file entry16.pdb (PDB, C-alpha atoms)
ATOM      1  CA  MET H   1      31.570  -0.536  12.999
ATOM      2  CA  ALA H   2      30.475  -0.898   9.381
ATOM      3  CA  ASP H   3      30.348   2.157   7.207
ATOM      4  CA  ALA H   4      26.884   3.556   6.552
ATOM      5  CA  PHE H   5      25.479   2.451   3.225
ATOM      6  CA  VAL H   6      24.151   5.194   1.002
ATOM      7  CA  LYS H   7      22.403   4.346  -2.241
ATOM      8  CA  ILE H   8      22.069   7.064  -4.843
ATOM      9  CA  VAL H   9      19.069   6.596  -7.100
ATOM     10  CA  PRO H  10      18.954   8.773 -10.223
ATOM     11  CA  LEU H  11      15.553  10.277 -10.953
ATOM     12  CA  ILE H  12      15.093   8.837 -14.423
ATOM     13  CA  CYS H  13      11.595   8.447 -15.853
ATOM     14  CA  GLY H  14      10.716   4.799 -16.323
ATOM     15  CA  ARG H  15       8.543   5.586 -19.339
ATOM     16  CA  CYS H  16      10.600   7.948 -21.509
ATOM     17  CA  SER H  17      14.039   7.654 -19.805
ATOM     18  CA  GLN H  18      14.344  11.427 -19.329
ATOM     19  CA  ARG H  19      15.790  12.924 -16.158
ATOM     20  CA  MET H  20      13.237  14.255 -13.671
ATOM     21  CA  THR H  21      13.644  17.185 -11.298
ATOM     22  CA  ALA H  22      12.274  17.368  -7.762
ATOM     23  CA  GLN H  23      11.941  19.729  -4.841
ATOM     24  CA  ARG H  24      13.639  18.842  -1.566
ATOM     25  CA  GLU H  25      10.488  17.648   0.235
ATOM     26  CA  GLN H  26       8.879  16.017  -2.792
ATOM     27  CA  VAL H  27       7.966  12.309  -2.563
ATOM     28  CA  VAL H  28       6.218  11.769  -5.911
ATOM     29  CA  TYR H  29       8.054  12.845  -9.034
ATOM     30  CA  GLN H  30       6.348  13.912 -12.234
ATOM     31  CA  CYS H  31       8.202  13.679 -15.515
ATOM     32  CA  GLY H  32       8.247  17.028 -17.263
ATOM     33  CA  THR H  33       8.593  15.321 -20.638
ATOM     34  CA  CYS H  34       5.874  12.660 -20.726
ATOM     35  CA  GLY H  35       3.852  13.599 -17.609
ATOM     36  CA  SER H  36       4.020  10.197 -15.900
ATOM     37  CA  SER H  37       4.437   9.997 -12.105
ATOM     38  CA  TRP H  38       6.940   8.015 -10.043
ATOM     39  CA  GLU H  39       8.039   7.384  -6.462
ATOM     40  CA  LEU H  40      10.778   5.570  -4.582
ATOM     41  CA  ARG H  41       9.855   2.117  -3.271
ATOM     42  CA  ALA H  42      12.499  -0.106  -1.716
ATOM     43  CA  GLY H  43      15.184   2.025  -3.315
ATOM     44  CA  LEU H  44      13.735   1.744  -6.823
ATOM     45  CA  ILE H  45      11.835   4.187  -9.013
ATOM     46  CA  SER H  46       8.306   2.794  -9.332
ATOM     47  CA  ALA H  47       5.239   4.041 -11.174
ATOM     48  CA  ARG H  48       2.667   5.924  -9.084
ATOM     49  CA  PRO H  49      -0.817   6.026 -10.657
ATOM     50  CA  VAL H  50      -2.566   9.381 -10.303
ATOM     51  CA  ILE H  51      -6.303   9.849 -10.817
ATOM     52  CA  HIS H  52      -7.401  13.314 -11.936
ATOM     53  CA  LEU H  53     -10.868  14.252 -10.652
ATOM     54  CA  SER H  54     -13.075  16.621 -12.595
ATOM     55  CA  GLY H  55     -14.299  20.016 -11.452
ATOM     56  CA  LYS H  56     -13.771  23.750 -11.790
ATOM     57  CA  GLY H  57     -10.274  25.075 -11.185
ATOM     58  CA  ALA H  58      -7.048  25.634 -13.074
ATOM     59  CA  LEU H  59      -4.682  24.283 -10.419
ATOM     60  CA  LEU H  60      -4.515  20.561  -9.627
ATOM     61  CA  LEU H  61      -3.872  19.857  -5.941
ATOM     62  CA  PRO H  62      -2.877  16.317  -4.889
ATOM     63  CA  PHE H  63      -4.739  14.426  -2.156
ATOM     64  CA  TRP H  64      -4.499  10.946  -0.686
ATOM     65  CA  ASN H  65      -7.982   9.547  -1.124
ATOM     66  CA  ALA H  66      -8.846   6.614   1.131
ATOM     67  CA  ARG H  67     -11.897   4.739   2.318
ATOM     68  CA  PHE H  68     -12.036   4.416   6.103
ATOM     69  CA  GLN H  69     -13.894   2.862   8.994
ATOM     70  CA  MET H  70     -13.982   4.180  12.529
ATOM     71  CA  THR H  71     -14.243   2.178  15.734
ATOM     72  CA  CYS H  72     -15.539   3.990  18.826
ATOM     73  CA  GLU H  73     -17.905   3.579  21.767
ATOM     74  CA  VAL H  74     -20.895   3.037  19.468
ATOM     75  CA  GLY H  75     -19.143   0.257  17.563
ATOM     76  CA  ASN H  76     -17.878   0.156  13.986
ATOM     77  CA  VAL H  77     -18.921   3.128  11.872
ATOM     78  CA  VAL H  78     -18.676   2.341   8.170
ATOM     79  CA  ASP H  79     -20.928   4.781   6.288
ATOM     80  CA  LEU H  80     -22.308   8.313   6.280
ATOM     81  CA  SER H  81     -25.565   7.416   8.022
ATOM     82  CA  GLY H  82     -23.564   6.230  11.029
ATOM     83  CA  PHE H  83     -20.924   8.949  10.939
ATOM     84  CA  LEU H  84     -22.816  12.220  10.422
ATOM     85  CA  PRO H  85     -24.852  11.985  13.673
ATOM     86  CA  LEU H  86     -21.552  11.765  15.573
ATOM     87  CA  CYS H  87     -20.520  15.054  13.938
ATOM     88  CA  GLY H  88     -23.652  16.834  15.125
ATOM     89  CA  SER H  89     -24.318  17.487  11.444
ATOM     90  CA  VAL H  90     -27.721  18.721  10.335
ATOM     91  CA  LYS H  91     -26.932  17.765   6.743
ATOM     92  CA  GLN H  92     -28.658  14.553   5.789
ATOM     93  CA  PRO H  93     -26.918  12.095   3.464
ATOM     94  CA  GLY H  94     -30.175  11.108   1.749
ATOM     95  CA  ASP H  95     -29.566   8.311  -0.717
ATOM     96  CA  LYS H  96     -25.836   8.607   0.051
ATOM     97  CA  GLY H  97     -26.359   7.219   3.554
ATOM     98  CA  THR H  98     -24.809   3.876   2.693
ATOM     99  CA  GLN H  99     -21.891   5.535   0.916
ATOM    100  CA  PRO H 100     -18.538   4.401   2.377
ATOM    101  CA  LEU H 101     -16.640   6.948   4.440
ATOM    102  CA  MET H 102     -13.949   8.681   2.399
ATOM    103  CA  LEU H 103     -11.049  10.910   3.371
ATOM    104  CA  ASN H 104      -9.251  13.331   1.072
ATOM    105  CA  ILE H 105      -5.986  14.146   2.836
ATOM    106  CA  PRO H 106      -3.960  17.041   1.370
ATOM    107  CA  ALA H 107      -0.694  15.682  -0.034
ATOM    108  CA  PHE H 108       0.745  19.087  -0.944
ATOM    109  CA  ALA H 109       2.642  21.522   1.283
ATOM    110  CA  LEU H 110       0.142  22.901   3.784
ATOM    111  CA  PRO H 111       0.430  23.661   7.528
ATOM    112  CA  PRO H 112      -0.995  20.695   9.490
ATOM    113  CA  HIS H 113      -3.868  22.655  11.046
ATOM    114  CA  GLN H 114      -4.982  23.867   7.614
ATOM    115  CA  ALA H 115      -4.662  20.376   6.146
ATOM    116  CA  VAL H 116      -6.863  18.976   8.933
ATOM    117  CA  LYS H 117      -9.454  21.735   8.480
ATOM    118  CA  LEU H 118      -9.650  21.282   4.706
ATOM    119  CA  ALA H 119      -9.943  17.495   4.914
ATOM    120  CA  ARG H 120     -12.524  17.728   7.699
ATOM    121  CA  ASN H 121     -14.711  20.079   5.655
ATOM    122  CA  MET H 122     -14.522  17.742   2.683
ATOM    123  CA  LEU H 123     -15.393  14.769   4.882
ATOM    124  CA  VAL H 124     -18.591  16.221   6.357
ATOM    125  CA  ARG H 125     -19.735  17.577   2.964
ATOM    126  CA  PHE H 126     -19.126  14.174   1.323
ATOM    127  CA  PRO H 127     -18.423  15.469  -2.205
ATOM    128  CA  VAL H 128     -18.685  13.194  -5.215
ATOM    129  CA  PHE H 129     -16.260  13.895  -8.045
ATOM    130  CA  GLY H 130     -16.249  12.538 -11.538
ATOM    131  CA  GLN H 131     -13.031  11.285 -13.077
ATOM    132  CA  SER H 132     -11.480  13.511 -15.708
ATOM    133  CA  ARG H 133     -10.677  12.118 -19.119
ATOM    134  CA  ALA H 134      -7.427  14.078 -19.135
ATOM    135  CA  VAL H 135      -4.344  12.192 -17.971
ATOM    136  CA  ASP H 136      -0.788  13.089 -17.001
ATOM    137  CA  LYS H 137      -1.638  16.721 -16.265
ATOM    138  CA  PRO H 138       0.856  18.774 -14.207
ATOM    139  CA  PHE H 139      -0.041  19.050 -10.511
ATOM    140  CA  GLU H 140       1.371  20.607  -7.343
ATOM    141  CA  ALA H 141       4.254  18.823  -5.641
ATOM    142  CA  VAL H 142       3.362  15.859  -3.400
ATOM    143  CA  THR H 143       5.134  16.319  -0.053
ATOM    144  CA  LEU H 144       3.157  13.863   2.128
ATOM    145  CA  ALA H 145       4.058  10.208   1.644
ATOM    146  CA  GLU H 146       1.360   7.546   1.615
ATOM    147  CA  SER H 147       3.082   5.862   4.573
ATOM    148  CA  ASP H 148       2.526   8.998   6.691
ATOM    149  CA  ILE H 149      -1.200   9.533   6.219
ATOM    150  CA  HIS H 150      -2.624   7.426   9.066
ATOM    151  CA  THR H 151      -1.799   9.791  11.938
ATOM    152  CA  LEU H 152      -3.205  12.740  10.014
ATOM    153  CA  ALA H 153      -6.300  10.698   9.171
ATOM    154  CA  GLU H 154      -7.022  10.144  12.875
ATOM    155  CA  LEU H 155      -6.689  13.882  13.578
ATOM    156  CA  ILE H 156      -9.071  14.696  10.732
ATOM    157  CA  VAL H 157     -11.733  12.261  11.942
ATOM    158  CA  LEU H 158     -11.388  13.469  15.542
ATOM    159  CA  SER H 159     -11.792  17.078  14.411
ATOM    160  CA  ALA H 160     -15.104  16.136  12.776
ATOM    161  CA  ILE H 161     -16.546  14.530  15.919
ATOM    162  CA  VAL H 162     -15.138  16.990  18.449
ATOM    163  CA  GLU H 163     -18.395  17.458  20.412
ATOM    164  CA  LYS H 164     -18.853  13.710  20.795
ATOM    165  CA  ARG H 165     -15.280  13.424  22.018
ATOM    166  CA  ARG H 166     -15.680  16.242  24.548
ATOM    167  CA  SER H 167     -18.861  14.744  25.974
ATOM    168  CA  ASN H 168     -17.146  11.449  26.778
ATOM    169  CA  PRO H 169     -13.778  11.561  28.611
ATOM    170  CA  ASN H 170     -13.190   7.890  27.752
ATOM    171  CA  PHE H 171     -13.918   8.259  24.050
ATOM    172  CA  LEU H 172     -10.301   7.850  22.961
ATOM    173  CA  THR H 173      -9.886   4.519  24.756
ATOM    174  CA  SER H 174     -11.917   2.744  22.070
ATOM    175  CA  PHE H 175     -11.216   5.078  19.136
ATOM    176  CA  SER H 176      -9.355   3.920  16.052
ATOM    177  CA  VAL H 177      -9.369   4.562  12.314
ATOM    178  CA  GLN H 178      -8.680   1.957   9.651
ATOM    179  CA  LEU H 179      -7.742   3.084   6.134
ATOM    180  CA  TYR H 180      -8.368   1.095   2.965
ATOM    181  CA  ASP H 181      -7.603   1.424  -0.742
ATOM    182  CA  SER H 182      -5.602   4.653  -0.591
ATOM    183  CA  GLN H 183      -4.827   6.270  -3.923
ATOM    184  CA  LEU H 184      -3.322   9.522  -5.136
ATOM    185  CA  VAL H 185      -5.823  11.867  -6.768
ATOM    186  CA  THR H 186      -5.826  15.478  -7.877
ATOM    187  CA  ILE H 187      -8.703  17.891  -7.277
ATOM    188  CA  PRO H 188      -8.960  21.168  -9.227
ATOM    189  CA  PHE H 189      -8.730  24.399  -7.236
ATOM    190  CA  ASP H 190      -8.165  28.040  -8.127
ATOM    191  CA  ARG H 191      -5.520  30.167  -6.442
ATOM    192  CA  ASP H 192      -6.234  33.665  -5.140
ATOM    193  CA  GLY H 193      -2.986  35.034  -3.748
ATOM    194  CA  ASN H 194      -2.040  32.700  -0.884
ATOM    195  CA  ARG H 195      -5.448  31.017  -0.822
ATOM    196  CA  TYR H 196      -6.885  28.040  -2.662
ATOM    197  CA  ASN H 197     -10.560  28.006  -3.661
ATOM    198  CA  GLN H 198     -12.817  25.175  -4.803
ATOM    199  CA  VAL H 199     -16.024  26.744  -6.087
ATOM    200  CA  ASP H 200     -17.913  23.461  -6.531
ATOM    201  CA  LEU H 201     -17.542  22.732  -2.806
ATOM    202  CA  ASN H 202     -17.437  26.325  -1.534
ATOM    203  CA  LEU H 203     -14.064  25.555   0.053
ATOM    204  CA  GLU H 204     -11.213  27.935   0.788
ATOM    205  CA  VAL H 205      -7.874  27.336   2.458
TER     206      VAL H 205
END
call {"tool": "encode", "arguments": {"input": "entry16.pdb", "output": "structure tokens"}}
result
Amino acid sequence: MADAFVKIVPLICGRCSQRMTAQREQVVYQCGTCGSSWELRAGLISARPVIHLSGKGALLLPFWNARFQMTCEVGNVVDLSGFLPLCGSVKQPGDKGTQPLMLNIPAFALPPHQAVKLARNMLVRFPVFGQSRAVDKPFEAVTLAESDIHTLAELIVLSAIVEKRRSNPNFLTSFSVQLYDSQLVTIPFDRDGNRYNQVDLNLEV
């Protein structure tokens, strides 16, 4: 039996060549010297672009932002005008009705049920953020890898359409979620003890 092969990859910044530090569960590494972000891909340190979104808050929390489509008993749902009625939502999208469906999945350390709740609230409120001019700002550790977001995405979408799902025992037989164009973004929050607050969206977790 062949010996197991272990490859040790030093966490060296590809921009400034300084050593980076990381927490045990961290999957994206930010250089403390130049602020650039990196991740392991195929055993190599590769650049990870991060988009900083604007808003009120001193703490930058990372999210995987992705466009999605949902397939269910009513067919393919691709925008807010098709999705919100399935949520039983009284909020009308107005001129945002044709806006593509977007998920913001927490990428920082958060219990799964809280991550689902936060992402679900953001989904049904369909916030629109501007992009900050600031770049390479420090942000909370990323502990959820991009390759792991699909299962959580399905749970988030299901939590938003729970009444529709309960009313149809066969709903899950045709249900699926397809993700597109995922990217790592940060959204500003404030911290109050063990809670995070986003005043622009009236969100707390």
call {"tool": "resolve_selection", "arguments": {"input": "entry16.pdb", "expression": "the PyMOL selection byres ((chain H and resi 34-36) around 12)", "output": "PyMOL selection string"}}
result
chain H and resi 12-20+28-33+37-39+46-51+134-139
call {"tool": "closest_residue", "arguments": {"input": "entry16.pdb", "among": "H:Gly193, H:Gly55, H:Pro106, H:Gly82", "to": "Ala141 (chain H)", "atoms": "only C-alpha atoms"}}
result
H:Pro106
call {"tool": "residues_near_point", "arguments": {"input": "entry16.pdb", "point": "(-12.3, 23.8, -16.1)", "cutoff": "10 Å", "atoms": "all atoms listed in the file", "output": "ChimeraX atom specification"}}
result
/H:54-59,188-190
call {"tool": "closest_residue", "arguments": {"input": "entry16.pdb", "among": "H:Ala145, H:Cys87, H:Leu60, H:Val157", "to": "Gln26 (chain H)", "atoms": "all atoms listed in the file"}}
result
H:Ala145
call {"tool": "residues_around", "arguments": {"input": "entry16.pdb", "residues": "Met122 (chain H)", "least_positions_apart": "4", "cutoff": "9 Å", "atoms": "all atoms listed in the file", "output": "MDAnalysis selection string"}}
result
chainID H and resid 103:104 117:118 126:127 201 203
call {"tool": "resolve_selection", "arguments": {"input": "entry16.pdb", "expression": "the PyMOL selection byres ((chain H and resi 52) around 6)", "output": "list in words"}}
result
Ile51, Leu53, Ser132, Val185 and Thr186 of chain H
call {"tool": "atom_distance", "arguments": {"input": "entry16.pdb", "atom1": "CA of Ile149 (chain H)", "atom2": "CA of Ile187 (chain H)"}}
result
17.6 Å
call {"tool": "atom_distance", "arguments": {"input": "entry16.pdb", "atom1": "CA of Leu11 (chain H)", "atom2": "CA of Glu25 (chain H)"}}
result
14.3 Å
call {"tool": "closest_atom_pairs", "arguments": {"input": "entry16.pdb", "of": "region 82-194 of chain H", "to": "region 66-74 of chain H", "cutoff": "7 Å", "atoms": "all atoms listed in the file", "output": "Markdown table"}}
result
| residue | atom | partner | partner_atom | distance |
| --- | --- | --- | --- | --- |
| H:Pro100 | CA | H:Arg67 | CA | 6.6 |
| H:Leu101 | CA | H:Phe68 | CA | 5.5 |
| H:Met102 | CA | H:Arg67 | CA | 4.4 |
| H:Leu103 | CA | H:Ala66 | CA | 5.3 |
| H:Asn104 | CA | H:Ala66 | CA | 6.7 |
| H:Phe171 | CA | H:Glu73 | CA | 6.6 |
| H:Ser174 | CA | H:Cys72 | CA | 5.0 |
| H:Phe175 | CA | H:Cys72 | CA | 4.5 |
| H:Ser176 | CA | H:Thr71 | CA | 5.2 |
| H:Val177 | CA | H:Met70 | CA | 4.6 |
| H:Gln178 | CA | H:Gln69 | CA | 5.3 |
| H:Leu179 | CA | H:Phe68 | CA | 4.5 |
| H:Tyr180 | CA | H:Arg67 | CA | 5.1 |
| H:Asp181 | CA | H:Ala66 | CA | 5.7 |
| H:Ser182 | CA | H:Ala66 | CA | 4.2 |
| H:Gln183 | CA | H:Ala66 | CA | 6.5 |
